[in-house]
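For reference, input_9.csv (CSV, N, CA and C atoms and all ligand atoms):
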```
chain,number,residue,atom,x,y,z
K,1,MET,N,47.7,17.3,-37.1
K,1,MET,CA,48.6,18.0,-38.1
K,1,MET,C,47.8,18.1,-39.4
K,2,ALA,N,48.0,19.2,-40.0
K,2,ALA,CA,47.3,19.4,-41.3
K,2,ALA,C,48.1,20.4,-42.2
K,3,GLY,N,47.6,20.5,-43.4
K,3,GLY,CA,48.2,21.5,-44.3
K,3,GLY,C,49.7,21.1,-44.6
K,4,SER,N,50.5,22.1,-44.8
K,4,SER,CA,51.9,21.9,-45.3
K,4,SER,C,52.7,21.1,-44.3
K,5,ASN,N,52.3,21.0,-43.1
K,5,ASN,CA,53.0,20.2,-42.1
K,5,ASN,C,52.7,18.8,-42.1
K,6,GLU,N,51.7,18.4,-42.9
K,6,GLU,CA,51.3,17.0,-42.9
K,6,GLU,C,52.4,16.1,-43.3
K,7,ILE,N,52.5,14.9,-42.6
K,7,ILE,CA,53.6,14.0,-42.9
K,7,ILE,C,53.5,13.4,-44.2
K,8,HIS,N,54.5,13.5,-45.1
K,8,HIS,CA,54.5,12.8,-46.4
K,8,HIS,C,55.6,11.9,-46.6
K,9,THR,N,56.6,11.9,-45.7
K,9,THR,CA,57.8,11.0,-45.8
K,9,THR,C,58.2,10.5,-44.5
K,10,CYS,N,58.5,9.2,-44.4
K,10,CYS,CA,59.2,8.6,-43.2
K,10,CYS,C,60.6,8.4,-43.6
K,11,HIS,N,61.5,9.1,-43.0
K,11,HIS,CA,63.0,8.9,-43.3
K,11,HIS,C,63.5,7.9,-42.3
K,12,VAL,N,64.0,6.8,-42.8
K,12,VAL,CA,64.6,5.7,-41.9
K,12,VAL,C,66.1,5.6,-42.2
K,13,CYS,N,66.8,5.7,-41.1
K,13,CYS,CA,68.3,5.5,-41.2
K,13,CYS,C,68.6,4.0,-41.4
K,14,ILE,N,69.4,3.7,-42.4
K,14,ILE,CA,69.8,2.3,-42.6
K,14,ILE,C,71.3,2.2,-42.6
K,15,ASN,N,72.0,3.1,-42.0
K,15,ASN,CA,73.4,3.0,-41.8
K,15,ASN,C,73.7,1.9,-40.7
K,16,ILE,N,75.0,1.7,-40.5
K,16,ILE,CA,75.4,0.5,-39.8
K,16,ILE,C,74.7,0.2,-38.5
K,17,SER,N,74.8,1.2,-37.6
K,17,SER,CA,74.2,1.0,-36.3
K,17,SER,C,72.7,0.8,-36.3
K,18,CYS,N,72.0,1.6,-37.1
K,18,CYS,CA,70.6,1.4,-37.2
K,18,CYS,C,70.2,0.1,-37.9
K,19,ALA,N,71.0,-0.2,-38.9
K,19,ALA,CA,70.7,-1.5,-39.6
K,19,ALA,C,70.9,-2.7,-38.7
K,20,GLU,N,72.0,-2.6,-37.8
K,20,GLU,CA,72.2,-3.7,-36.8
K,20,GLU,C,71.0,-3.8,-35.9
K,21,GLY,N,70.3,-2.7,-35.6
K,21,GLY,CA,69.2,-2.7,-34.8
K,21,GLY,C,67.9,-3.1,-35.5
K,22,GLY,N,68.0,-3.4,-36.8
K,22,GLY,CA,66.8,-3.9,-37.5
K,22,GLY,C,66.1,-2.9,-38.4
K,23,SER,N,66.8,-1.8,-38.8
K,23,SER,CA,66.0,-0.8,-39.5
K,23,SER,C,65.6,-1.2,-40.9
K,24,PRO,N,66.4,-2.1,-41.6
K,24,PRO,CA,65.9,-2.5,-42.9
K,24,PRO,C,64.5,-3.2,-42.8
K,25,ALA,N,64.3,-4.0,-41.8
K,25,ALA,CA,63.0,-4.6,-41.6
K,25,ALA,C,61.9,-3.5,-41.3
K,26,LEU,N,62.3,-2.5,-40.6
K,26,LEU,CA,61.4,-1.4,-40.3
K,26,LEU,C,61.0,-0.7,-41.6
K,27,VAL,N,61.9,-0.5,-42.5
K,27,VAL,CA,61.6,0.1,-43.9
K,27,VAL,C,60.6,-0.8,-44.6
K,28,ASP,N,60.8,-2.1,-44.5
K,28,ASP,CA,59.9,-3.0,-45.2
K,28,ASP,C,58.5,-2.9,-44.6
K,29,ALA,N,58.4,-2.9,-43.3
K,29,ALA,CA,57.2,-2.9,-42.6
K,29,ALA,C,56.4,-1.6,-42.8
K,30,LEU,N,57.1,-0.5,-42.7
K,30,LEU,CA,56.5,0.8,-43.0
K,30,LEU,C,56.0,0.9,-44.4
K,31,SER,N,56.9,0.5,-45.4
K,31,SER,CA,56.5,0.5,-46.8
K,31,SER,C,55.3,-0.3,-47.0
K,32,GLU,N,55.2,-1.4,-46.4
K,32,GLU,CA,54.0,-2.3,-46.6
K,32,GLU,C,52.8,-1.6,-46.0
K,33,ARG,N,52.9,-1.1,-44.8
K,33,ARG,CA,51.8,-0.5,-44.1
K,33,ARG,C,51.3,0.8,-44.7
K,34,LEU,N,52.2,1.5,-45.4
K,34,LEU,CA,51.9,2.9,-45.9
K,34,LEU,C,51.7,2.9,-47.4
K,35,ALA,N,51.7,1.7,-48.0
K,35,ALA,CA,51.5,1.6,-49.4
K,35,ALA,C,50.2,2.1,-49.8
K,36,GLY,N,50.1,3.0,-50.8
K,36,GLY,CA,48.9,3.6,-51.3
K,36,GLY,C,48.3,4.7,-50.4
K,37,SER,N,49.1,5.1,-49.4
K,37,SER,CA,48.6,6.2,-48.5
K,37,SER,C,49.1,7.5,-48.9
K,38,GLY,N,50.0,7.6,-49.9
K,38,GLY,CA,50.6,8.8,-50.3
K,38,GLY,C,51.8,9.2,-49.4
K,39,VAL,N,52.1,8.4,-48.4
K,39,VAL,CA,53.3,8.7,-47.6
K,39,VAL,C,54.4,7.8,-48.0
K,40,GLN,N,55.5,8.4,-48.3
K,40,GLN,CA,56.7,7.7,-48.8
K,40,GLN,C,57.6,7.2,-47.6
K,41,VAL,N,58.3,6.1,-47.9
K,41,VAL,CA,59.3,5.7,-46.9
K,41,VAL,C,60.7,5.8,-47.7
K,42,LYS,N,61.6,6.6,-47.1
K,42,LYS,CA,62.9,6.8,-47.7
K,42,LYS,C,64.0,6.4,-46.8
K,43,THR,N,65.0,5.8,-47.4
K,43,THR,CA,66.2,5.4,-46.5
K,43,THR,C,67.2,6.5,-46.5
K,44,GLN,N,67.9,6.6,-45.4
K,44,GLN,CA,68.9,7.7,-45.2
K,44,GLN,C,70.1,7.0,-44.6
K,45,VAL,N,71.3,7.7,-44.8
K,45,VAL,CA,72.5,7.2,-44.3
K,45,VAL,C,73.1,8.0,-43.1
K,46,CYS,N,72.5,7.8,-42.0
K,46,CYS,CA,73.0,8.3,-40.7
K,46,CYS,C,72.5,9.7,-40.4
K,47,PHE,N,71.8,9.8,-39.2
K,47,PHE,CA,71.3,11.1,-38.7
K,47,PHE,C,72.3,11.6,-37.6
K,48,GLY,N,73.4,10.9,-37.4
K,48,GLY,CA,74.3,11.3,-36.4
K,48,GLY,C,74.0,11.0,-34.9
K,49,ALA,N,73.1,10.1,-34.8
K,49,ALA,CA,72.7,9.6,-33.4
K,49,ALA,C,72.6,8.1,-33.4
K,50,CYS,N,73.7,7.5,-33.8
K,50,CYS,CA,73.7,6.1,-34.1
K,50,CYS,C,73.5,5.2,-32.8
K,51,TRP,N,73.9,5.8,-31.7
K,51,TRP,CA,73.7,5.0,-30.4
K,51,TRP,C,72.3,4.9,-30.0
K,52,MET,N,71.4,5.6,-30.6
K,52,MET,CA,70.0,5.6,-30.2
K,52,MET,C,69.1,5.1,-31.3
K,53,GLY,N,69.7,4.4,-32.3
K,53,GLY,CA,68.9,3.9,-33.4
K,53,GLY,C,68.3,2.6,-33.1
K,54,PRO,N,67.4,2.1,-34.0
K,54,PRO,CA,67.1,2.7,-35.2
K,54,PRO,C,66.3,4.0,-35.1
K,55,ASN,N,66.7,4.9,-35.9
K,55,ASN,CA,66.1,6.3,-35.9
K,55,ASN,C,65.2,6.5,-37.2
K,56,ILE,N,64.1,7.1,-36.9
K,56,ILE,CA,63.2,7.5,-38.0
K,56,ILE,C,62.7,8.9,-37.8
K,57,VAL,N,62.8,9.7,-38.8
K,57,VAL,CA,62.3,11.1,-38.8
K,57,VAL,C,61.1,11.3,-39.7
K,58,LEU,N,60.0,11.8,-39.2
K,58,LEU,CA,58.8,12.0,-40.0
K,58,LEU,C,58.9,13.5,-40.6
K,59,TYR,N,58.7,13.6,-41.9
K,59,TYR,CA,58.9,14.9,-42.5
K,59,TYR,C,57.7,15.3,-43.3
K,60,PRO,N,57.3,16.6,-43.3
K,60,PRO,CA,58.0,17.7,-42.7
K,60,PRO,C,57.7,18.0,-41.2
K,61,GLU,N,56.8,17.2,-40.7
K,61,GLU,CA,56.4,17.5,-39.3
K,61,GLU,C,57.5,17.5,-38.3
K,62,GLY,N,58.6,16.6,-38.5
K,62,GLY,CA,59.8,16.7,-37.8
K,62,GLY,C,59.9,15.8,-36.6
K,63,THR,N,59.0,15.0,-36.3
K,63,THR,CA,59.1,14.1,-35.2
K,63,THR,C,60.3,13.1,-35.4
K,64,TRP,N,61.1,12.9,-34.4
K,64,TRP,CA,62.2,12.0,-34.4
K,64,TRP,C,61.9,10.9,-33.5
K,65,TYR,N,61.8,9.6,-34.0
K,65,TYR,CA,61.6,8.5,-33.2
K,65,TYR,C,62.9,7.7,-33.1
K,66,ALA,N,63.3,7.4,-31.9
K,66,ALA,CA,64.6,6.7,-31.6
K,66,ALA,C,64.3,5.3,-31.0
K,67,ASN,N,65.3,4.4,-31.2
K,67,ASN,CA,65.2,3.0,-30.7
K,67,ASN,C,63.9,2.4,-31.1
K,68,VAL,N,63.6,2.5,-32.4
K,68,VAL,CA,62.3,2.0,-32.9
K,68,VAL,C,62.4,0.5,-33.1
K,69,GLN,N,61.4,-0.2,-32.7
K,69,GLN,CA,61.3,-1.7,-32.9
K,69,GLN,C,60.1,-2.0,-33.7
K,70,GLN,N,60.1,-3.2,-34.2
K,70,GLN,CA,58.9,-3.7,-35.0
K,70,GLN,C,57.6,-3.5,-34.2
K,71,SER,N,57.7,-3.7,-32.9
K,71,SER,CA,56.5,-3.6,-32.1
K,71,SER,C,55.9,-2.1,-32.1
K,72,ASP,N,56.8,-1.2,-32.5
K,72,ASP,CA,56.3,0.2,-32.5
K,72,ASP,C,55.7,0.7,-33.8
K,73,ILE,N,55.7,-0.2,-34.8
K,73,ILE,CA,55.3,0.2,-36.2
K,73,ILE,C,53.8,0.6,-36.2
K,74,ASP,N,53.0,-0.2,-35.5
K,74,ASP,CA,51.5,0.1,-35.4
K,74,ASP,C,51.3,1.6,-34.9
K,75,ASP,N,52.0,1.9,-33.9
K,75,ASP,CA,51.7,3.3,-33.3
K,75,ASP,C,52.3,4.4,-34.2
K,76,ILE,N,53.4,4.1,-34.8
K,76,ILE,CA,54.0,5.1,-35.8
K,76,ILE,C,53.1,5.3,-37.0
K,77,VAL,N,52.6,4.2,-37.5
K,77,VAL,CA,51.7,4.3,-38.6
K,77,VAL,C,50.4,5.1,-38.2
K,78,ALA,N,49.9,4.8,-37.0
K,78,ALA,CA,48.8,5.6,-36.5
K,78,ALA,C,49.1,7.1,-36.4
K,79,HIS,N,50.3,7.4,-36.0
K,79,HIS,CA,50.7,8.8,-35.9
K,79,HIS,C,50.7,9.4,-37.3
K,80,VAL,N,51.3,8.7,-38.2
K,80,VAL,CA,51.4,9.2,-39.6
K,80,VAL,C,50.1,9.5,-40.1
K,81,HIS,N,49.1,8.8,-39.7
K,81,HIS,CA,47.7,9.0,-40.2
K,81,HIS,C,46.9,9.9,-39.3
K,82,GLY,N,47.6,10.7,-38.5
K,82,GLY,CA,47.0,11.7,-37.7
K,82,GLY,C,46.7,11.4,-36.2
K,83,GLY,N,47.2,10.3,-35.8
K,83,GLY,CA,47.1,9.9,-34.4
K,83,GLY,C,48.1,10.6,-33.5
K,84,PRO,N,48.1,10.2,-32.3
K,84,PRO,CA,49.0,10.8,-31.3
K,84,PRO,C,50.5,10.5,-31.5
K,85,HIS,N,51.3,11.4,-31.0
K,85,HIS,CA,52.8,11.1,-31.0
K,85,HIS,C,53.0,9.9,-30.1
K,86,VAL,N,54.1,9.1,-30.5
K,86,VAL,CA,54.4,8.0,-29.7
K,86,VAL,C,55.5,8.4,-28.7
K,87,GLU,N,55.0,9.0,-27.6
K,87,GLU,CA,55.9,9.7,-26.7
K,87,GLU,C,57.1,8.8,-26.2
K,88,ARG,N,56.9,7.5,-26.0
K,88,ARG,CA,58.0,6.7,-25.5
K,88,ARG,C,59.2,6.6,-26.4
K,89,LEU,N,59.0,7.0,-27.7
K,89,LEU,CA,60.1,7.0,-28.6
K,89,LEU,C,60.8,8.3,-28.9
K,90,THR,N,60.4,9.3,-28.2
K,90,THR,CA,60.8,10.7,-28.5
K,90,THR,C,61.9,11.2,-27.6
K,91,HIS,N,62.4,10.4,-26.7
K,91,HIS,CA,63.3,10.9,-25.7
K,91,HIS,C,64.8,10.8,-26.1
K,92,GLY,N,65.6,11.7,-25.7
K,92,GLY,CA,67.0,11.5,-25.8
K,92,GLY,C,67.7,12.2,-27.0
K,93,VAL,N,66.9,12.7,-27.9
K,93,VAL,CA,67.5,13.4,-29.1
K,93,VAL,C,67.9,14.8,-28.7
K,94,ASP,N,69.2,15.1,-29.0
K,94,ASP,CA,69.7,16.4,-28.8
K,94,ASP,C,68.9,17.4,-29.7
K,95,PRO,N,68.3,18.5,-29.1
K,95,PRO,CA,67.5,19.4,-29.8
K,95,PRO,C,68.2,20.1,-31.0
K,96,GLN,N,69.5,20.4,-30.8
K,96,GLN,CA,70.3,21.0,-31.9
K,96,GLN,C,70.5,20.0,-33.1
K,97,LEU,N,70.8,18.8,-32.7
K,97,LEU,CA,71.0,17.8,-33.8
K,97,LEU,C,69.6,17.6,-34.5
K,98,HIS,N,68.6,17.5,-33.7
K,98,HIS,CA,67.3,17.3,-34.3
K,98,HIS,C,67.0,18.4,-35.3
K,99,GLU,N,67.2,19.6,-34.9
K,99,GLU,CA,67.0,20.8,-35.8
K,99,GLU,C,67.8,20.7,-37.1
K,100,LEU,N,69.1,20.3,-36.9
K,100,LEU,CA,70.0,20.2,-38.0
K,100,LEU,C,69.5,19.1,-39.0
K,101,VAL,N,69.2,18.0,-38.5
K,101,VAL,CA,68.7,16.9,-39.4
K,101,VAL,C,67.5,17.3,-40.1
K,102,VAL,N,66.5,17.9,-39.5
K,102,VAL,CA,65.3,18.3,-40.2
K,102,VAL,C,65.7,19.3,-41.3
K,103,SER,N,66.6,20.2,-41.0
K,103,SER,CA,66.9,21.2,-42.0
K,103,SER,C,67.7,20.6,-43.2
K,104,LEU,N,68.5,19.5,-42.9
K,104,LEU,CA,69.2,18.8,-43.9
K,104,LEU,C,68.3,18.1,-44.8
K,105,LEU,N,67.3,17.5,-44.2
K,105,LEU,CA,66.3,16.8,-45.0
K,105,LEU,C,65.5,17.8,-45.9
K,106,GLU,N,65.2,18.9,-45.3
K,106,GLU,CA,64.6,20.0,-46.1
K,106,GLU,C,65.4,20.4,-47.3
K,107,ALA,N,66.7,20.5,-47.0
K,107,ALA,CA,67.6,21.0,-48.1
K,107,ALA,C,67.7,19.9,-49.2
K,108,GLY,N,67.5,18.6,-48.8
K,108,GLY,CA,67.7,17.6,-49.8
K,108,GLY,C,66.5,17.2,-50.5
K,109,LEU,N,65.4,17.9,-50.3
K,109,LEU,CA,64.1,17.6,-50.9
K,109,LEU,C,63.8,18.8,-51.9
K,110,ASP,N,63.1,18.4,-53.0
K,110,ASP,CA,62.8,19.5,-53.9
K,110,ASP,C,61.3,19.6,-54.0
K,201,LIG,S1,73.5,4.7,-38.1
K,201,LIG,FE1,71.5,5.5,-37.9
K,201,LIG,S2,71.8,7.5,-37.0
K,201,LIG,FE2,73.8,6.8,-37.5
```
Could the structure of this file be written out as C-alpha cells, please?
Amino acid sequence: MAGSNEIHTCHVCINISCAEGGSPALVDALSERLAGSGVQVKTQVCFGACWMGPNIVLYPEGTWYANVQQSDIDDIVAHVHGGPHVERLTHGVDPQLHELVVSLLEAGLD
C-alpha cells in the first residue's frame, strides 16, 4: 500500500464487548509498538459488530480485523508497516457494515 491509501490510523473499539475481550490492552500494545512511526492509535465506541470483537479498523486502507488478541499484535504491526494482510482476522465482517464504518470514520476525520 502506498500514497493516500497508506495506513495512518488504527481505530480500536473500546466499547463494552470489545473491552471485555481485552481491547484496552490492545490499544496500549499498538500505541507502544507504533510510537514514533507516524501511525496513530485512536479509540472508538462501537463499530456495530460487538459479537466479533475486539475489532480494529485500519484507516484509510480499510482493513477490518476481528477477534483480535494480543498474540495478533505482531502481525498487525507488520501489516501497518507494509506487510501482508492478516487473513485469519478478516473473516465474518458484513461487507455493508464494513463499508459504512469506513465511511463514518472518513466523515469523522478532518
Ligand atoms: S463493542 Fe466493539 S464493535 Fe461494538
**Study point:** Residue neighbourhood Ile7 of chain K, 10 Å, only C-alpha atoms, exclusion window fewer than 2 positions, as number ranges by chain
**Key:** K: 1-5, 9-10, 38-40, 58-63, 79-82
Compute the set of protein, DNA and RNA residues whose minimum atom distance to ligand LIG 201 (chain K) is at most 6 Å, using only N, CA and C atoms and all ligand atoms, and state it as a PDB file with N, CA and C atoms, keeping the file's coordinate frame.
```pdb
ATOM      1  N   CYS K  13      66.800   5.700 -41.100  1.00  0.00           N
ATOM      2  CA  CYS K  13      68.300   5.500 -41.200  1.00  0.00           C
ATOM      3  C   CYS K  13      68.600   4.000 -41.400  1.00  0.00           C
ATOM      4  N   ILE K  14      69.400   3.700 -42.400  1.00  0.00           N
ATOM      5  CA  ILE K  14      69.800   2.300 -42.600  1.00  0.00           C
ATOM      6  C   ILE K  14      71.300   2.200 -42.600  1.00  0.00           C
ATOM      7  N   ASN K  15      72.000   3.100 -42.000  1.00  0.00           N
ATOM      8  CA  ASN K  15      73.400   3.000 -41.800  1.00  0.00           C
ATOM      9  C   ASN K  15      73.700   1.900 -40.700  1.00  0.00           C
ATOM     10  N   ILE K  16      75.000   1.700 -40.500  1.00  0.00           N
ATOM     11  CA  ILE K  16      75.400   0.500 -39.800  1.00  0.00           C
ATOM     12  C   ILE K  16      74.700   0.200 -38.500  1.00  0.00           C
ATOM     13  N   SER K  17      74.800   1.200 -37.600  1.00  0.00           N
ATOM     14  CA  SER K  17      74.200   1.000 -36.300  1.00  0.00           C
ATOM     15  C   SER K  17      72.700   0.800 -36.300  1.00  0.00           C
ATOM     16  N   CYS K  18      72.000   1.600 -37.100  1.00  0.00           N
ATOM     17  CA  CYS K  18      70.600   1.400 -37.200  1.00  0.00           C
ATOM     18  C   CYS K  18      70.200   0.100 -37.900  1.00  0.00           C
ATOM     19  N   ALA K  19      71.000  -0.200 -38.900  1.00  0.00           N
ATOM     20  CA  ALA K  19      70.700  -1.500 -39.600  1.00  0.00           C
ATOM     21  C   ALA K  19      70.900  -2.700 -38.700  1.00  0.00           C
ATOM     22  N   VAL K  45      71.300   7.700 -44.800  1.00  0.00           N
ATOM     23  CA  VAL K  45      72.500   7.200 -44.300  1.00  0.00           C
ATOM     24  C   VAL K  45      73.100   8.000 -43.100  1.00  0.00           C
ATOM     25  N   CYS K  46      72.500   7.800 -42.000  1.00  0.00           N
ATOM     26  CA  CYS K  46      73.000   8.300 -40.700  1.00  0.00           C
ATOM     27  C   CYS K  46      72.500   9.700 -40.400  1.00  0.00           C
ATOM     28  N   PHE K  47      71.800   9.800 -39.200  1.00  0.00           N
ATOM     29  CA  PHE K  47      71.300  11.100 -38.700  1.00  0.00           C
ATOM     30  C   PHE K  47      72.300  11.600 -37.600  1.00  0.00           C
ATOM     31  N   GLY K  48      73.400  10.900 -37.400  1.00  0.00           N
ATOM     32  CA  GLY K  48      74.300  11.300 -36.400  1.00  0.00           C
ATOM     33  C   GLY K  48      74.000  11.000 -34.900  1.00  0.00           C
ATOM     34  N   ALA K  49      73.100  10.100 -34.800  1.00  0.00           N
ATOM     35  CA  ALA K  49      72.700   9.600 -33.400  1.00  0.00           C
ATOM     36  C   ALA K  49      72.600   8.100 -33.400  1.00  0.00           C
ATOM     37  N   CYS K  50      73.700   7.500 -33.800  1.00  0.00           N
ATOM     38  CA  CYS K  50      73.700   6.100 -34.100  1.00  0.00           C
ATOM     39  C   CYS K  50      73.500   5.200 -32.800  1.00  0.00           C
ATOM     40  N   TRP K  51      73.900   5.800 -31.700  1.00  0.00           N
ATOM     41  CA  TRP K  51      73.700   5.000 -30.400  1.00  0.00           C
ATOM     42  C   TRP K  51      72.300   4.900 -30.000  1.00  0.00           C
ATOM     43  N   GLY K  53      69.700   4.400 -32.300  1.00  0.00           N
ATOM     44  CA  GLY K  53      68.900   3.900 -33.400  1.00  0.00           C
ATOM     45  C   GLY K  53      68.300   2.600 -33.100  1.00  0.00           C
ATOM     46  N   PRO K  54      67.400   2.100 -34.000  1.00  0.00           N
ATOM     47  CA  PRO K  54      67.100   2.700 -35.200  1.00  0.00           C
ATOM     48  C   PRO K  54      66.300   4.000 -35.100  1.00  0.00           C
ATOM     49  N   ASN K  55      66.700   4.900 -35.900  1.00  0.00           N
ATOM     50  CA  ASN K  55      66.100   6.300 -35.900  1.00  0.00           C
ATOM     51  C   ASN K  55      65.200   6.500 -37.200  1.00  0.00           C
TER      52      ASN K  55
END
```
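Taking only C-alpha atoms into account, Val93 of chain K lies nearest to K:Ala66 out of the set K:Ala35, K:Ile56, K:Ala66, K:Ala25.
Proximity of K:Trp64, K:Gln69, K:Gln44, K:His8 to Gly21 of chain K, computed with only C-alpha atoms, is greatest for K:Gln69.
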Practice item. Pick out the residues sitting within 9 Å of Val86 of chain K, and hand them over as an MDAnalysis selection string; count only C-alpha atoms, and ignore anything fewer than 2 positions along from it in its own chain. Key: chainID K and resid 65 72 75:76 79 83:84 88:90
Kindly provide, as lines of an AutoDock Vina configuration file, the centre and edge lengths (Å, one decimal) of an axis-aligned box around all atoms of segment 99-108 of chain K given in the file, with 5 Å on each side.
```
center_x = 67.3
center_y = 19.0
center_z = -42.7
size_x = 15.4
size_y = 14.4
size_z = 25.6
```
Exercise for review: Could you check which of K:Ser103, K:Thr43, K:Ser71, K:Gln96 is closest to His11 of chain K, using all atoms listed in the file?
Suggested key: K:Thr43
**Study point:** Best match for closeness to Ser23 of chain K among K:Ile73, K:Leu105, K:Val68, K:Leu97, counting all atoms listed in the file
**Key:** K:Val68
Check your understanding: How many Å lie between atom C of Glu32 of chain K and atom CA of His85 of chain K, rounded to one decimal?
Key -> 19.7 Å
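Residue nearest Val102 of chain K, chosen from K:Glu20, K:Glu87, K:Val77, K:Val57 and counting only C-alpha atoms: K:Val57.
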Point to revise | DSSP-assigned alpha helix (DSSP H) among chain K, expressed as a PyMOL selection string | key: chain K and resi 16-20+23-34+73-80+95-107
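What separates atom C of Gln70 of chain K from atom CA of Leu30 of chain K is a distance of 9.9 Å.
Here atom CA of Val27 of chain K is placed at a distance of 13.2 Å from atom CA of Asp74 of chain K.
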